[in-house]
Structure formats: structure tokens, C-alpha cells
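As provided, upload-v7.tsv (TSV, C-alpha atoms) reads as follows.
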```tsv
chain	number	residue	atom	x	y	z
A	136	SER	CA	15.67	31.96	27.33
A	137	GLN	CA	16.29	29.21	29.87
A	138	GLN	CA	13.66	28.40	32.42
A	139	GLY	CA	15.79	26.26	34.69
A	140	GLU	CA	19.01	26.63	36.56
A	141	GLU	CA	20.79	23.51	37.64
A	142	ASP	CA	23.05	23.04	40.57
A	143	PRO	CA	25.81	22.08	40.73
A	144	GLN	CA	27.21	22.86	37.29
A	145	ALA	CA	29.66	20.00	37.69
A	146	LEU	CA	29.89	17.04	40.06
A	147	SER	CA	32.63	14.44	40.47
A	148	ILE	CA	32.10	11.31	42.56
A	149	GLN	CA	33.42	7.78	42.97
A	150	GLU	CA	31.58	4.73	41.73
A	151	GLY	CA	29.10	3.51	44.28
A	152	GLU	CA	28.37	6.95	45.69
A	153	ASN	CA	25.07	8.74	45.24
A	154	ALA	CA	24.76	11.79	43.01
A	155	THR	CA	22.21	14.54	43.60
A	156	MET	CA	21.41	17.25	41.10
A	157	ASN	CA	19.01	20.11	41.65
A	158	CYS	CA	16.90	22.14	39.27
A	159	SER	CA	15.09	25.39	39.94
A	160	TYR	CA	12.61	26.98	37.59
A	161	LYS	CA	10.70	30.21	37.38
A	162	THR	CA	7.11	29.76	36.25
A	163	SER	CA	4.23	27.39	36.89
A	164	ILE	CA	4.61	24.07	35.11
A	165	ASN	CA	2.59	21.18	33.76
A	166	ASN	CA	5.41	18.69	34.10
A	167	LEU	CA	9.15	18.47	34.61
A	168	GLN	CA	11.44	16.04	32.81
A	169	TRP	CA	15.02	14.91	33.24
A	170	TYR	CA	17.27	14.02	30.32
A	171	ARG	CA	20.78	12.64	30.02
A	172	GLN	CA	23.27	13.56	27.33
A	173	ASN	CA	26.43	11.59	26.75
A	174	SER	CA	29.26	13.47	25.10
A	175	GLY	CA	28.62	13.97	21.40
A	176	ARG	CA	25.18	12.40	21.53
A	177	GLY	CA	21.55	13.43	21.59
A	178	LEU	CA	19.50	13.70	24.75
A	179	VAL	CA	17.85	10.64	26.24
A	180	HIS	CA	14.74	10.90	28.38
A	181	LEU	CA	15.04	9.59	31.93
A	182	ILE	CA	11.89	10.43	33.81
A	183	LEU	CA	8.80	12.67	33.70
A	184	ILE	CA	7.08	13.97	36.81
A	185	ARG	CA	3.78	15.81	36.66
A	186	SER	CA	2.97	18.90	38.68
A	187	ASN	CA	0.60	16.95	40.96
A	188	GLU	CA	3.26	14.36	41.79
A	189	ARG	CA	5.89	14.77	44.49
A	190	GLU	CA	8.20	11.84	43.92
A	191	LYS	CA	8.93	9.29	41.25
A	192	HIS	CA	11.30	6.36	40.96
A	193	SER	CA	12.81	4.56	38.01
A	194	GLY	CA	15.46	1.96	38.75
A	195	ARG	CA	18.36	3.78	40.45
A	196	LEU	CA	16.78	7.16	39.77
A	197	ARG	CA	14.65	9.11	42.21
A	198	VAL	CA	13.10	12.44	41.28
A	199	THR	CA	11.35	14.82	43.63
A	200	LEU	CA	9.30	17.87	42.78
A	201	ASP	CA	8.41	20.76	45.07
A	202	THR	CA	6.12	23.11	43.18
A	203	SER	CA	5.92	25.54	46.11
A	204	LYS	CA	9.66	26.07	45.87
A	205	LYS	CA	9.74	25.62	42.09
A	206	SER	CA	12.47	23.05	42.39
A	207	SER	CA	13.25	19.44	41.56
A	208	SER	CA	16.05	17.05	42.39
A	209	LEU	CA	17.44	14.00	40.65
A	210	LEU	CA	19.14	11.38	42.77
A	211	ILE	CA	21.21	8.63	41.16
A	212	THR	CA	21.99	5.92	43.68
A	213	ALA	CA	24.98	3.58	43.57
A	214	SER	CA	26.49	5.45	40.65
A	215	ARG	CA	28.50	3.73	37.92
A	216	ALA	CA	31.16	4.99	35.54
A	217	ALA	CA	28.56	4.64	32.76
A	218	ASP	CA	26.46	7.33	34.47
A	219	THR	CA	29.07	9.90	33.42
A	220	ALA	CA	27.12	12.40	31.32
A	221	SER	CA	25.39	15.77	31.44
A	222	TYR	CA	21.96	15.85	33.03
A	223	PHE	CA	19.29	18.39	32.12
A	224	CYS	CA	15.97	19.25	33.60
A	225	ALA	CA	13.26	20.53	31.28
A	226	THR	CA	9.93	22.10	32.13
A	227	GLU	CA	6.69	22.23	30.21
A	228	GLY	CA	4.41	25.12	31.09
A	229	HIS	CA	0.63	25.22	30.92
A	230	ASN	CA	-1.04	25.61	27.52
A	231	THR	CA	2.16	24.93	25.67
A	232	ASP	CA	3.91	21.95	24.14
A	233	LYS	CA	7.34	23.52	24.52
A	234	LEU	CA	10.07	22.19	26.77
A	235	ILE	CA	12.45	24.71	28.26
A	236	PHE	CA	15.76	23.18	29.24
A	237	GLY	CA	17.98	24.06	32.15
A	238	THR	CA	21.69	24.70	32.03
A	239	GLY	CA	22.69	21.13	32.90
A	240	THR	CA	24.91	19.37	35.41
A	241	ARG	CA	28.04	17.58	34.20
A	242	LEU	CA	28.47	14.40	36.22
A	243	GLN	CA	31.77	12.54	36.28
A	244	VAL	CA	31.84	9.14	37.98
A	245	PHE	CA	35.31	7.74	38.58
A	246	PRO	CA	35.80	3.96	38.66
B	75	ASP	CA	11.91	1.90	14.80
B	76	ALA	CA	15.31	3.44	14.03
B	77	GLY	CA	14.61	6.47	16.16
B	78	VAL	CA	14.90	10.04	14.98
B	79	ILE	CA	17.24	10.29	12.02
B	80	GLN	CA	19.23	13.40	11.20
B	81	SER	CA	21.51	14.17	8.31
B	82	PRO	CA	24.19	15.10	7.80
B	83	ARG	CA	25.91	14.31	11.09
B	84	HIS	CA	28.61	16.86	10.44
B	85	GLU	CA	28.60	19.85	8.14
B	86	VAL	CA	31.44	22.26	7.51
B	87	THR	CA	30.68	25.20	5.28
B	88	GLU	CA	31.93	28.66	4.49
B	89	MET	CA	30.26	31.83	5.57
B	90	GLY	CA	27.56	32.89	3.13
B	91	GLN	CA	26.70	29.40	1.96
B	92	GLU	CA	23.28	27.83	2.30
B	93	VAL	CA	22.98	24.97	4.78
B	94	THR	CA	20.14	22.45	4.91
B	95	LEU	CA	19.68	20.10	7.83
B	96	ARG	CA	17.31	17.16	7.56
B	97	CYS	CA	15.23	15.20	10.03
B	98	LYS	CA	13.05	12.12	9.89
B	99	PRO	CA	10.91	11.79	13.03
B	100	ILE	CA	9.72	8.57	14.59
B	101	SER	CA	6.74	7.21	12.72
B	102	GLY	CA	3.46	8.10	14.39
B	103	HIS	CA	4.82	11.07	16.32
B	104	ASP	CA	2.73	14.17	15.68
B	105	TYR	CA	5.20	16.69	17.07
B	106	LEU	CA	8.61	17.68	15.74
B	107	PHE	CA	11.03	20.05	17.42
B	108	TRP	CA	14.24	21.74	16.25
B	109	TYR	CA	16.79	22.74	18.88
B	110	ARG	CA	20.21	24.38	18.81
B	111	GLN	CA	22.88	23.67	21.42
B	112	THR	CA	25.91	25.86	22.11
B	113	MET	CA	28.20	26.22	25.08
B	114	MET	CA	27.19	29.83	25.57
B	115	ARG	CA	23.41	29.53	25.24
B	116	GLY	CA	22.75	25.92	26.13
B	117	LEU	CA	19.85	24.10	24.47
B	118	GLU	CA	17.39	26.42	22.74
B	119	LEU	CA	14.12	25.54	21.04
B	120	LEU	CA	14.03	27.07	17.57
B	121	ILE	CA	10.67	25.92	16.21
B	122	TYR	CA	8.17	23.11	16.57
B	123	PHE	CA	5.51	21.54	14.39
B	124	ASN	CA	2.28	19.72	15.17
B	125	ASN	CA	0.84	17.59	12.38
B	126	ASN	CA	3.26	19.24	9.93
B	127	VAL	CA	2.08	22.76	10.83
B	128	PRO	CA	4.53	25.22	12.45
B	129	ILE	CA	3.12	26.15	15.84
B	130	ASP	CA	5.78	28.30	17.44
B	131	ASP	CA	8.80	29.74	15.66
B	132	SER	CA	9.60	32.40	18.24
B	133	GLY	CA	12.98	30.81	18.86
B	134	MET	CA	14.17	31.18	15.28
B	135	PRO	CA	16.99	33.68	15.63
B	136	GLU	CA	16.71	35.55	12.34
B	137	ASP	CA	15.11	35.55	8.92
B	138	ARG	CA	18.13	33.64	7.72
B	139	PHE	CA	16.63	30.59	9.40
B	140	SER	CA	13.64	28.77	7.97
B	141	ALA	CA	12.06	25.38	8.63
B	142	LYS	CA	9.58	23.27	6.74
B	143	MET	CA	7.75	20.02	7.25
B	144	PRO	CA	6.24	18.98	3.92
B	145	ASN	CA	4.97	15.68	5.29
B	146	ALA	CA	4.81	13.65	8.48
B	147	SER	CA	8.12	11.92	7.87
B	148	PHE	CA	10.44	14.75	6.87
B	149	SER	CA	11.52	18.19	8.02
B	150	THR	CA	14.27	20.58	7.03
B	151	LEU	CA	16.00	23.47	8.76
B	152	LYS	CA	17.67	25.85	6.37
B	153	ILE	CA	20.15	28.64	7.06
B	154	GLN	CA	20.75	31.08	4.23
B	155	PRO	CA	23.22	32.72	4.29
B	156	SER	CA	25.17	31.01	7.05
B	157	GLU	CA	27.40	32.89	9.47
B	158	PRO	CA	30.16	31.72	11.86
B	159	ARG	CA	27.90	32.40	14.86
B	160	ASP	CA	25.52	29.74	13.54
B	161	SER	CA	28.10	27.10	14.45
B	162	ALA	CA	26.39	24.75	16.89
B	163	VAL	CA	24.88	21.31	17.24
B	164	TYR	CA	21.35	21.19	15.87
B	165	PHE	CA	18.99	18.56	17.25
B	166	CYS	CA	15.68	17.35	15.98
B	167	ALA	CA	13.27	15.67	18.37
B	168	SER	CA	9.84	14.11	18.01
B	169	SER	CA	7.05	13.25	20.39
B	170	PHE	CA	3.67	11.57	20.39
B	171	ASN	CA	2.14	14.01	22.88
B	172	PRO	CA	4.57	16.31	24.70
B	173	GLY	CA	2.22	16.85	27.62
B	174	GLN	CA	2.12	13.16	28.42
B	175	TYR	CA	5.20	11.65	26.87
B	176	GLU	CA	8.85	12.38	26.44
B	177	GLN	CA	10.65	13.76	23.43
B	178	TYR	CA	12.98	11.51	21.45
B	179	PHE	CA	16.10	13.23	20.21
B	180	GLY	CA	18.13	12.52	17.11
B	181	PRO	CA	21.94	12.31	17.21
B	182	GLY	CA	22.32	15.92	16.08
B	183	THR	CA	24.09	17.71	13.26
B	184	ARG	CA	27.32	19.46	14.19
B	185	LEU	CA	27.53	22.57	12.01
B	186	THR	CA	30.73	24.53	11.61
B	187	VAL	CA	30.67	27.73	9.60
B	188	THR	CA	34.11	29.13	8.79
```

In C-alpha cells, what does this structure look like?
Amino acid sequence: SQQGEEDPQALSIQEGENATMNCSYKTSINNLQWYRQNSGRGLVHLILIRSNEREKHSGRLRVTLDTSKKSSSLLITASRAADTASYFCATEGHNTDKLIFGTGTRLQVFP
Amino acid sequence: DAGVIQSPRHEVTEMGQEVTLRCKPISGHDYLFWYRQTMMRGLELLIYFNNNVPIDDSGMPEDRFSAKMPNASFSTLKIQPSEPRDSAVYFCASSFNPGQYEQYFGPGTRLTVT
């Protein structure tokens, strides 16, 4: 069963624009992670945010976490064509080593 | 390190045949995960190991699926007998400590059962 729902399911933007993807989850978590998957490839880890953190940055990526709303957002600034991929959030609950993945957002960045 | 290695990359087999997927995790990682990805169900965790011991196999869909990890550098996922609905991409991932660090995914095995 999937813990997270991502919104939107698909997003198309022009190079240089910002892309925002949202993730909602259902149960209390230990941490939340974002992954990227290029077509035909495995997932690549982008960023991990712990339940006691509210915001984290990594290069052009900014992740926020609101545990009261059980939601997270991933912002990609100044997008590039190479950012075209599917993006997944994944949550780790308490007392477990399992990651439960969301449904993913397909991002298309046009040059 | 070469990353997580999976073989074969593609497998096409007929219904009823046995299929064995292989994974070599990153050296030093204590955790190994097997996932299945389909359009309909997304990315599902099938089973994971810690120090070669299966910890949670609640995601294994049926008795036709089995997984082993005989040592720290090798794991197999076996489907016997295979069915068309098993067609999917199967990923292996490894991690040093999932609570603190990310999982590293292999390139996947695309399985087609006809």
C-alpha cells in the first residue's frame, strides 16, 4: 500500500521556471525523502528531511515538511531540461526501516 | 564503488518458467531491499534484509516469490512459477542505515512474462 500521494501527477514547465511538487502522507513519520527517477533508470536520492526539521536546501532544491499537515513540498528552482524525470516522496515510519513511496510526479521541462 | 548491481537487466520468459533475479549491494551496506514497480501499483517494497537476515517479507505477493541473501554481497529474488502479472521492473536497493541515510538503487531488471 502507498503511504504518499503526490500532486500534481504531471507537470510541464519551461526551462528557467520553478517547479513545485507536493506530497501528502497518512501516518507519523521518522523522516521523509525525495527521489528522482529518469526514464528506464533506478531511483536516485535527492534529499532527506527528518521529522524535527521544517526546511532543507540542496543546491537548486528546497524541501519543506509540515508534520501537522502531514505534507511536504519539493521546489526545484531555475529548472533545466535535464530535470525532466519522475519525482517520488518516500516516508519512513517509526520503529521501521521501510520506505513507503508515493505515486510520483512526472516533470517535463521544455528547453 | 560500482553501485548496486543487478542482473539480468532484461528478462523475457514464458509463463510457468522459473525466474531468478540477482543483486549485489554496495559493500558495507547492512540493508538490502527488493522493490517491484508497475504502472498500476507504483513502487512496492517486497522484502528487506538486515545483515543477511530477512526482516519483513509482508510485501511478497505470493508463495511463488522467494528471496535469499546467502552472504553480505549477494541476494536473489526467485519467482516460480512465473505468471504474466509478474511483469514489472524489479529494483534492488541497499543502505547503510535507512533511518539516517538514503537508499541506493540498482538499475532494475525489466521482467516480461508472456

List as a PDB file with C-alpha atoms, in the coordinates of the input the protein and nucleic acid residues near region 145-154 of chain B, meaning an atom at most 12 Å away when only C-alpha atoms are counted, but skip any in the same chain fewer than 5 places from it.
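File produced: out.pdb:
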```pdb
ATOM      1  CA  GLY B  77      14.610   6.470  16.160  1.00  0.00           C
ATOM      2  CA  VAL B  78      14.900  10.040  14.980  1.00  0.00           C
ATOM      3  CA  ILE B  79      17.240  10.290  12.020  1.00  0.00           C
ATOM      4  CA  GLN B  80      19.230  13.400  11.200  1.00  0.00           C
ATOM      5  CA  SER B  81      21.510  14.170   8.310  1.00  0.00           C
ATOM      6  CA  PRO B  82      24.190  15.100   7.800  1.00  0.00           C
ATOM      7  CA  THR B  87      30.680  25.200   5.280  1.00  0.00           C
ATOM      8  CA  GLU B  88      31.930  28.660   4.490  1.00  0.00           C
ATOM      9  CA  MET B  89      30.260  31.830   5.570  1.00  0.00           C
ATOM     10  CA  GLY B  90      27.560  32.890   3.130  1.00  0.00           C
ATOM     11  CA  GLN B  91      26.700  29.400   1.960  1.00  0.00           C
ATOM     12  CA  GLU B  92      23.280  27.830   2.300  1.00  0.00           C
ATOM     13  CA  VAL B  93      22.980  24.970   4.780  1.00  0.00           C
ATOM     14  CA  THR B  94      20.140  22.450   4.910  1.00  0.00           C
ATOM     15  CA  LEU B  95      19.680  20.100   7.830  1.00  0.00           C
ATOM     16  CA  ARG B  96      17.310  17.160   7.560  1.00  0.00           C
ATOM     17  CA  CYS B  97      15.230  15.200  10.030  1.00  0.00           C
ATOM     18  CA  LYS B  98      13.050  12.120   9.890  1.00  0.00           C
ATOM     19  CA  PRO B  99      10.910  11.790  13.030  1.00  0.00           C
ATOM     20  CA  ILE B 100       9.720   8.570  14.590  1.00  0.00           C
ATOM     21  CA  SER B 101       6.740   7.210  12.720  1.00  0.00           C
ATOM     22  CA  GLY B 102       3.460   8.100  14.390  1.00  0.00           C
ATOM     23  CA  HIS B 103       4.820  11.070  16.320  1.00  0.00           C
ATOM     24  CA  ASP B 104       2.730  14.170  15.680  1.00  0.00           C
ATOM     25  CA  TYR B 105       5.200  16.690  17.070  1.00  0.00           C
ATOM     26  CA  LEU B 106       8.610  17.680  15.740  1.00  0.00           C
ATOM     27  CA  PHE B 107      11.030  20.050  17.420  1.00  0.00           C
ATOM     28  CA  TRP B 108      14.240  21.740  16.250  1.00  0.00           C
ATOM     29  CA  TYR B 109      16.790  22.740  18.880  1.00  0.00           C
ATOM     30  CA  ARG B 110      20.210  24.380  18.810  1.00  0.00           C
ATOM     31  CA  LEU B 120      14.030  27.070  17.570  1.00  0.00           C
ATOM     32  CA  ILE B 121      10.670  25.920  16.210  1.00  0.00           C
ATOM     33  CA  TYR B 122       8.170  23.110  16.570  1.00  0.00           C
ATOM     34  CA  PHE B 123       5.510  21.540  14.390  1.00  0.00           C
ATOM     35  CA  ASN B 124       2.280  19.720  15.170  1.00  0.00           C
ATOM     36  CA  ASN B 125       0.840  17.590  12.380  1.00  0.00           C
ATOM     37  CA  ASN B 126       3.260  19.240   9.930  1.00  0.00           C
ATOM     38  CA  VAL B 127       2.080  22.760  10.830  1.00  0.00           C
ATOM     39  CA  PRO B 128       4.530  25.220  12.450  1.00  0.00           C
ATOM     40  CA  ASP B 131       8.800  29.740  15.660  1.00  0.00           C
ATOM     41  CA  MET B 134      14.170  31.180  15.280  1.00  0.00           C
ATOM     42  CA  PRO B 135      16.990  33.680  15.630  1.00  0.00           C
ATOM     43  CA  GLU B 136      16.710  35.550  12.340  1.00  0.00           C
ATOM     44  CA  ASP B 137      15.110  35.550   8.920  1.00  0.00           C
ATOM     45  CA  ARG B 138      18.130  33.640   7.720  1.00  0.00           C
ATOM     46  CA  PHE B 139      16.630  30.590   9.400  1.00  0.00           C
ATOM     47  CA  SER B 140      13.640  28.770   7.970  1.00  0.00           C
ATOM     48  CA  ARG B 159      27.900  32.400  14.860  1.00  0.00           C
ATOM     49  CA  ASP B 160      25.520  29.740  13.540  1.00  0.00           C
ATOM     50  CA  SER B 161      28.100  27.100  14.450  1.00  0.00           C
ATOM     51  CA  TYR B 164      21.350  21.190  15.870  1.00  0.00           C
ATOM     52  CA  PHE B 165      18.990  18.560  17.250  1.00  0.00           C
ATOM     53  CA  CYS B 166      15.680  17.350  15.980  1.00  0.00           C
ATOM     54  CA  ALA B 167      13.270  15.670  18.370  1.00  0.00           C
ATOM     55  CA  SER B 168       9.840  14.110  18.010  1.00  0.00           C
ATOM     56  CA  THR B 183      24.090  17.710  13.260  1.00  0.00           C
ATOM     57  CA  LEU B 185      27.530  22.570  12.010  1.00  0.00           C
ATOM     58  CA  VAL B 187      30.670  27.730   9.600  1.00  0.00           C
TER      59      VAL B 187
END
```

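When only C-alpha atoms are used to compute distances to chain B, the closest of the residues A:Ala220, A:Leu146, A:Val179, A:Val244 turns out to be A:Val179.
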
### Message
If I take CA of Asn157 (chain A) and CA of Gly194 (chain A), how far is one from the other in Å, to one decimal?
### Response
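Answer for the CA of Asn157 (chain A) to CA of Gly194 (chain A) separation: 18.7 Å.
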
### Contact residues around Leu234 (chain A) with all atoms listed in the file at 7 Å, ignoring same-chain residues under 4 positions, as a list in words
Ala225, Thr226 and Glu227 of chain A

### Task
Using only C-alpha atoms, select each residue of chain A with any atom at most 6 Å away from an atom of chain B, and give the selection as a VMD selection string.
chain A and resid 176 to 178 232
